[in-house]
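Chemist: This is final_4.txt (compact mmCIF, C-alpha atoms).
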# COMPACT_ATOMS: atom_id res chain seq x y z
CA MET A 1 0.00 0.00 0.00
CA THR A 2 1.36 3.40 -1.03
CA PRO A 3 -0.92 6.13 0.34
CA PRO A 4 -1.01 9.50 -1.44
CA ASP A 5 0.86 12.48 -0.03
CA GLU A 6 -1.88 14.98 -0.87
CA LEU A 7 -5.54 15.11 0.09
CA ALA A 8 -6.54 15.84 -3.50
CA ASP A 9 -5.03 12.53 -4.61
CA LEU A 10 -7.41 10.43 -2.53
CA PRO A 11 -9.78 8.43 -4.74
CA TYR A 12 -12.71 9.73 -2.68
CA ALA A 13 -11.48 13.35 -2.35
CA ASP A 14 -14.35 14.82 -4.39
CA LEU A 15 -16.91 13.08 -2.19
CA LEU A 16 -15.66 14.47 1.13
CA ARG A 17 -17.93 16.76 3.09
CA PRO A 18 -16.89 18.85 6.14
CA HIS A 19 -17.61 17.60 9.64
CA THR A 20 -19.61 19.75 12.02
CA GLY A 21 -20.55 19.15 15.64
CA PRO A 22 -19.13 16.79 18.26
CA LEU A 23 -18.32 13.14 17.76
CA ALA A 24 -20.98 10.67 18.86
CA VAL A 25 -21.00 7.21 20.39
CA GLU A 26 -21.48 4.64 17.60
CA GLY A 27 -21.54 7.50 15.11
CA ASP A 28 -21.36 6.67 11.41
CA TYR A 29 -18.90 8.85 9.46
CA ASP A 30 -18.74 8.13 5.73
CA THR A 31 -16.61 10.32 3.40
CA VAL A 32 -16.28 13.02 6.07
CA HIS A 33 -13.45 15.57 6.21
CA PHE A 34 -12.25 16.61 9.67
CA ASP A 35 -10.22 19.75 9.01
CA ARG A 36 -8.44 22.04 11.51
CA LEU A 37 -10.64 20.92 14.37
CA THR A 38 -9.86 20.81 18.08
CA VAL A 39 -11.61 17.84 19.63
CA GLY A 40 -11.61 17.44 23.40
CA GLU A 41 -12.99 14.66 25.59
CA ASP A 42 -15.72 13.61 23.19
CA ALA A 43 -16.84 10.00 23.59
CA ALA A 44 -17.18 8.18 20.28
CA ASN A 45 -16.92 4.56 21.37
CA GLY A 46 -17.87 2.15 18.61
CA ALA A 47 -17.88 4.87 15.95
CA ARG A 48 -17.35 3.89 12.31
CA PHE A 49 -15.14 5.87 9.93
CA LEU A 50 -15.18 4.96 6.24
CA GLU A 51 -13.17 6.82 3.59
CA CYS A 52 -12.58 9.83 5.85
CA ALA A 53 -9.81 12.43 5.89
CA VAL A 54 -8.31 14.16 8.93
CA THR A 55 -6.12 17.23 8.35
CA ASP A 56 -4.41 19.50 10.88
CA CYS A 57 -6.64 18.44 13.77
CA THR A 58 -5.93 18.16 17.49
CA PHE A 59 -7.51 15.41 19.58
CA THR A 60 -6.99 15.58 23.35
CA GLY A 61 -8.47 12.98 25.69
CA THR A 62 -10.89 11.79 23.02
CA THR A 63 -12.36 8.31 23.56
CA LEU A 64 -12.62 6.10 20.47
CA ARG A 65 -12.68 2.63 22.01
CA ARG A 66 -13.71 -0.15 19.62
CA ALA A 67 -13.89 2.31 16.72
CA ARG A 68 -13.86 0.81 13.21
CA ILE A 69 -11.59 2.72 10.86
CA ASN A 70 -11.47 1.84 7.17
CA ASP A 71 -9.69 3.82 4.44
CA LEU A 72 -8.89 6.76 6.69
CA TRP A 73 -6.22 9.27 5.62
CA ALA A 74 -4.77 11.61 8.26
CA ALA A 75 -2.09 14.29 7.93
CA GLY A 76 -0.54 16.90 10.22
CA SER A 77 -2.70 15.96 13.20
CA ARG A 78 -1.94 15.49 16.89
CA LEU A 79 -3.45 12.89 19.21
CA THR A 80 -2.74 13.30 22.93
CA GLY A 81 -4.16 10.99 25.60
CA VAL A 82 -6.59 9.51 23.07
CA SER A 83 -8.10 6.06 23.69
CA LEU A 84 -8.17 3.80 20.65
CA ALA A 85 -8.28 0.58 22.65
CA GLU A 86 -9.68 -2.43 20.78
CA SER A 87 -10.15 -0.36 17.63
CA ASP A 88 -10.02 -1.98 14.19
CA TRP A 89 -8.00 -0.35 11.39
CA LEU A 90 -7.87 -1.32 7.72
CA ASP A 91 -6.16 0.27 4.69
CA SER A 92 -5.42 3.56 6.45
CA ALA A 93 -2.52 6.02 6.53
CA LEU A 94 -1.18 8.64 8.94
CA THR A 95 1.34 11.16 7.64
CA ALA A 96 3.29 13.67 9.75
CA CYS A 97 1.09 12.97 12.76
CA SER A 98 2.05 13.01 16.45
CA LEU A 99 0.69 10.45 18.90
CA ALA A 100 1.48 10.96 22.59
CA GLY A 101 0.10 8.92 25.47
CA VAL A 102 -2.30 7.15 23.13
CA GLU A 103 -3.90 3.90 24.34
CA ALA A 104 -4.41 1.41 21.52
CA TYR A 105 -4.06 -1.88 23.40
CA GLY A 106 -5.95 -4.80 21.92
CA ALA A 107 -6.35 -3.02 18.57
CA VAL A 108 -6.12 -4.69 15.16
CA LEU A 109 -4.21 -2.89 12.40
CA ARG A 110 -4.19 -4.30 8.88
CA ARG A 111 -2.40 -2.61 5.99
CA VAL A 112 -1.79 0.63 7.87
CA VAL A 113 1.02 3.09 7.05
CA PHE A 114 2.62 5.53 9.50
CA ARG A 115 4.77 7.97 7.54
CA ARG A 116 6.98 10.63 9.19
CA CYS A 117 5.03 10.20 12.44
CA LYS A 118 6.17 10.54 16.03
CA LEU A 119 4.83 7.97 18.49
CA ASP A 120 5.65 8.77 22.11
CA SER A 121 4.50 6.56 25.01
CA VAL A 122 1.93 4.79 22.85
CA ASN A 123 0.40 1.65 24.39
CA LEU A 124 0.10 -1.08 21.74
CA ARG A 125 0.07 -4.02 24.15
CA GLY A 126 -1.71 -7.06 22.79
CA THR A 127 -2.30 -5.49 19.40
CA ALA A 128 -2.30 -7.45 16.14
CA LEU A 129 -0.37 -5.68 13.38
CA HIS A 130 -0.55 -7.20 9.89
CA ASP A 131 1.41 -5.59 7.02
CA VAL A 132 1.91 -2.34 8.94
CA ALA A 133 4.64 0.06 7.78
CA PHE A 134 6.45 2.62 9.93
CA GLU A 135 8.26 4.87 7.42
CA ASP A 136 10.70 7.52 8.68
CA CYS A 137 9.04 7.52 12.10
CA VAL A 138 10.26 7.93 15.68
CA LEU A 139 8.91 5.35 18.11
CA ARG A 140 9.82 6.38 21.66
CA ASP A 141 8.69 4.39 24.72
CA VAL A 142 6.21 2.49 22.55
CA ASP A 143 4.90 -0.69 24.19
CA PHE A 144 4.44 -3.70 21.88
CA GLY A 145 4.26 -6.12 24.81
CA GLU A 146 2.37 -9.33 23.94
CA ALA A 147 1.59 -7.92 20.50
CA LYS A 148 1.66 -9.88 17.24
CA LEU A 149 3.72 -8.22 14.50
CA ASN A 150 3.29 -9.93 11.14
CA GLY A 151 4.92 -8.38 8.09
CA VAL A 152 5.70 -5.12 9.92
CA THR A 153 8.45 -2.87 8.51
CA PHE A 154 10.41 0.05 10.02
CA ALA A 155 12.18 1.68 7.06
CA GLY A 156 14.02 4.86 8.09
CA SER A 157 12.58 4.73 11.61
CA ARG A 158 14.17 5.03 15.04
CA LEU A 159 13.11 2.71 17.86
CA GLU A 160 13.96 4.24 21.25
CA ARG A 161 13.25 2.33 24.49
CA VAL A 162 10.65 0.21 22.71
CA ARG A 163 9.13 -2.68 24.67
CA LEU A 164 8.75 -6.08 23.00
CA GLY A 165 8.24 -8.32 26.04
CA ARG A 166 6.37 -11.52 25.07
CA ALA A 167 5.63 -10.13 21.61
CA THR A 168 5.46 -12.48 18.62
CA LEU A 169 7.23 -11.42 15.45
CA LYS A 170 6.77 -13.02 12.04
CA ASN A 171 8.54 -11.60 8.99
CA ALA A 172 9.04 -8.33 10.87
CA ASP A 173 11.65 -6.46 8.84
CA LEU A 174 13.93 -4.22 10.92
CA ARG A 175 16.65 -3.88 8.29
CA GLY A 176 15.75 -0.31 7.37
CA ALA A 177 15.57 0.95 10.97
CA LEU A 178 18.10 3.66 11.79
CA ALA A 179 18.29 2.66 15.47
CA ILE A 180 17.00 -0.27 17.53
CA ASP A 181 16.96 0.39 21.26
CA LEU A 182 14.76 -1.96 23.25
CA ALA A 183 13.73 -1.49 26.87
CA ASP A 184 12.93 -5.21 27.04
CA GLY A 185 12.01 -8.17 24.89
CA TYR A 186 15.25 -8.92 23.06
CA GLU A 187 14.23 -12.58 23.15
CA SER A 188 11.14 -11.64 21.11
CA LEU A 189 13.32 -10.72 18.13
CA ARG A 190 12.97 -14.34 17.05
CA GLY A 191 11.12 -14.07 13.74
CA ALA A 192 12.57 -10.64 12.89
CA VAL A 193 14.84 -9.88 9.94
CA ILE A 194 17.90 -7.70 10.65
CA ASP A 195 21.08 -6.91 8.75
CA SER A 196 24.64 -7.77 9.76
CA ALA A 197 25.43 -4.27 11.07
CA GLN A 198 22.35 -4.35 13.30
CA LEU A 199 23.38 -7.77 14.56
CA LEU A 200 26.70 -6.35 15.70
CA ASP A 201 24.94 -3.49 17.49
CA LEU A 202 22.47 -5.85 19.17
CA ALA A 203 25.01 -8.54 20.06
CA PRO A 204 25.83 -7.29 23.62
CA ALA A 205 22.15 -7.08 24.59
CA LEU A 206 21.38 -10.44 22.99
CA ALA A 207 24.29 -12.02 24.87
CA ARG A 208 23.02 -10.63 28.18
CA THR A 209 19.52 -11.90 27.41
CA LEU A 210 20.88 -15.39 26.72
CA GLY A 211 23.05 -15.34 29.81
CA ILE A 212 26.26 -15.36 27.78
CA THR A 213 29.31 -13.82 29.45
CA VAL A 214 31.70 -12.22 26.99
CA LYS A 215 35.22 -11.92 28.40
CA ASP A 216 38.41 -11.14 26.54
CA ARG A 217 41.55 -12.78 27.87
Is it possible to give me this structure as structure tokens?
Modeler:
Amino acid sequence: MTPPDELADLPYADLLRPHTGPLAVEGDYDTVHFDRLTVGEDAANGARFLECAVTDCTFTGTTLRRARINDLWAAGSRLTGVSLAESDWLDSALTACSLAGVEAYGAVLRRVVFRRCKLDSVNLRGTALHDVAFEDCVLRDVDFGEAKLNGVTFAGSRLERVRLGRATLKNADLRGALAIDLADGYESLRGAVIDSAQLLDLAPALARTLGITVKDR
């Protein structure tokens, strides 16, 4: 999946209509454009978003538990303290967005692209990520504990103090990552693909995890 860089390039761009009013629990949002909005502690649990666009918006403390998000395109937006727990994402893209303190545990993400995004203290515990791409992103203090990462890529991204404890990786490609710094879960790298330079960088931590003592005579 290669999402467009511009709103006008979306296949449904001409169908978008501006959003007005607060978000609603189990609301149905089809081809809606959320533009330059500031959304506070609205509760929109179980809401459905289909072929929507989000541009230059700020969400703070918004509750979107169990939301269903399909073909959503977001750019230049900030999510702080937002709850996306147990949400379901499909064929969506976030570009130049900032996520801080976001709760997305138990979510399912399929064919989702994060491009030039910053994820800080995002809770992704127990999530299922299938064919998810992190492109040129910064992932700081992101928790993938007990998550399932299948076909996930990290091209041009930096992983800083990322947690992988009891995560399951399958065909997770870390070769393009600029930095891999794990707070825990080195043993969960089984199933990941790394390059030889990354192996050298990770070797001391892997040795400690395996209980190997490295001593030069």
Chemist: Suppose you want the space between CA of Gly211 in chain A and CA of Gly176 in chain A; what is it in Å?
Modeler: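 CA of Gly176 in chain A lies at a distance of 28.0 Å from CA of Gly211 in chain A.
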Chemist: With distances taken over all atoms listed in the file, which of A:Tyr186, A:Thr80, A:Leu124, A:Ala85 is nearest to Ala207 in chain A?
Modeler: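 Of A:Tyr186, A:Thr80, A:Leu124, A:Ala85, the one nearest Ala207 in chain A, counting all atoms listed in the file, is A:Tyr186.
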Chemist: Which value, in Å to one decimal, gives the distance between CA of Arg65 in chain A and CA of Gly27 in chain A?
Modeler: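 Calculated distance between CA of Arg65 in chain A and CA of Gly27 in chain A is 12.2 Å.
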Chemist: Could you check how far CA of Asp9 in chain A sits from CA of Asp131 in chain A, in Å to one decimal?
Modeler: 22.5 Å
Chemist: Just want the 10 Å neighbourhood of Glu187 in chain A, counted on all atoms listed in the file, with same-chain residues fewer than 3 positions away dropped. Output as a list in words.
Modeler: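 Listing them by chain and then by number gives Leu164, Gly165, Arg166, Ala167, Thr168, Asp184, Arg190, Ala205, Leu206, Thr209 and Leu210 of chain A.
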Chemist: Enclose range 193-199 of chain A, meaning all of its atoms listed in the file, in a box aligned along x, y and z, pad it by 8 Å on each side, and list the centre and edge lengths in Å to one decimal, as lines of an AutoDock Vina configuration file.
Modeler:
center_x = 20.1
center_y = -7.1
center_z = 11.7
size_x = 26.6
size_y = 21.6
size_z = 21.8
Chemist: How would you write as a count of residues only the residues that get within 7 Å of (-1.2, 6.0, 20.4) in the file's frame, counting only C-alpha atoms?
Modeler: 10
Chemist: Enumerate, in order of chain and increasing residue number, the residues of range 98-214 of chain A with an atom no farther than 10 Å from range 69-77 of chain A, each with its shortest atom pair and distance in Å to one decimal, counting all atoms listed in the file, as a tab-separated table.
Modeler:
residue	atom	partner	partner_atom	distance
A:Ser98	CA	A:Ser77	CA	6.5
A:Leu99	CA	A:Ser77	CA	8.6
A:Leu109	CA	A:Ile69	CA	9.4
A:Arg110	CA	A:Asn70	CA	9.7
A:Arg111	CA	A:Asp71	CA	9.8
A:Val112	CA	A:Asp71	CA	9.2
A:Val113	CA	A:Trp73	CA	9.6
A:Phe114	CA	A:Ala74	CA	9.6
A:Arg115	CA	A:Ala75	CA	9.3
A:Arg116	CA	A:Gly76	CA	9.8
A:Cys117	CA	A:Gly76	CA	9.0
Chemist: Could you write those residues out with C-alpha atoms, as a PDB file, in the coordinates of the input?
Modeler:
ATOM      1  CA  SER A  98       2.050  13.010  16.450  1.00  0.00           C
ATOM      2  CA  LEU A  99       0.690  10.450  18.900  1.00  0.00           C
ATOM      3  CA  LEU A 109      -4.210  -2.890  12.400  1.00  0.00           C
ATOM      4  CA  ARG A 110      -4.190  -4.300   8.880  1.00  0.00           C
ATOM      5  CA  ARG A 111      -2.400  -2.610   5.990  1.00  0.00           C
ATOM      6  CA  VAL A 112      -1.790   0.630   7.870  1.00  0.00           C
ATOM      7  CA  VAL A 113       1.020   3.090   7.050  1.00  0.00           C
ATOM      8  CA  PHE A 114       2.620   5.530   9.500  1.00  0.00           C
ATOM      9  CA  ARG A 115       4.770   7.970   7.540  1.00  0.00           C
ATOM     10  CA  ARG A 116       6.980  10.630   9.190  1.00  0.00           C
ATOM     11  CA  CYS A 117       5.030  10.200  12.440  1.00  0.00           C
TER      12      CYS A 117
END
Chemist: Considering only C-alpha atoms, state which residue in the set A:Ala24, A:Val132, A:Ala179, A:Cys97 is at the smallest distance from Cys57 in chain A.
Modeler: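 With only C-alpha atoms as the atom set, the closest residue is A:Cys97.
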Chemist: Residues near Val142 in chain A, anyone? I mean within 6 Å using all atoms listed in the file, not counting same-chain ones fewer than 3 positions away, as a ChimeraX atom specification.
Modeler: /A:121-122,139,162
Chemist: Of the residues A:Ala203, A:Ala107, A:Ala8, A:Ala192, which is the one nearest to Asp173 in chain A, using all atoms listed in the file?
Modeler: A:Ala192
Chemist: Please tell me which residues are no farther than 7 Å from (0.1, 10.6, 2.0) in the file, counting only C-alpha atoms, and write them as a ChimeraX atom specification.
Modeler: /A:3-6,93,95
Chemist: Please, could you write that set of residues out with C-alpha atoms as a PDB file, keeping the file's coordinate frame?
Modeler:
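Result written to again.pdb:
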ATOM      1  CA  PRO A   3      -0.920   6.130   0.340  1.00  0.00           C
ATOM      2  CA  PRO A   4      -1.010   9.500  -1.440  1.00  0.00           C
ATOM      3  CA  ASP A   5       0.860  12.480  -0.030  1.00  0.00           C
ATOM      4  CA  GLU A   6      -1.880  14.980  -0.870  1.00  0.00           C
ATOM      5  CA  ALA A  93      -2.520   6.020   6.530  1.00  0.00           C
ATOM      6  CA  THR A  95       1.340  11.160   7.640  1.00  0.00           C
TER       7      THR A  95
END
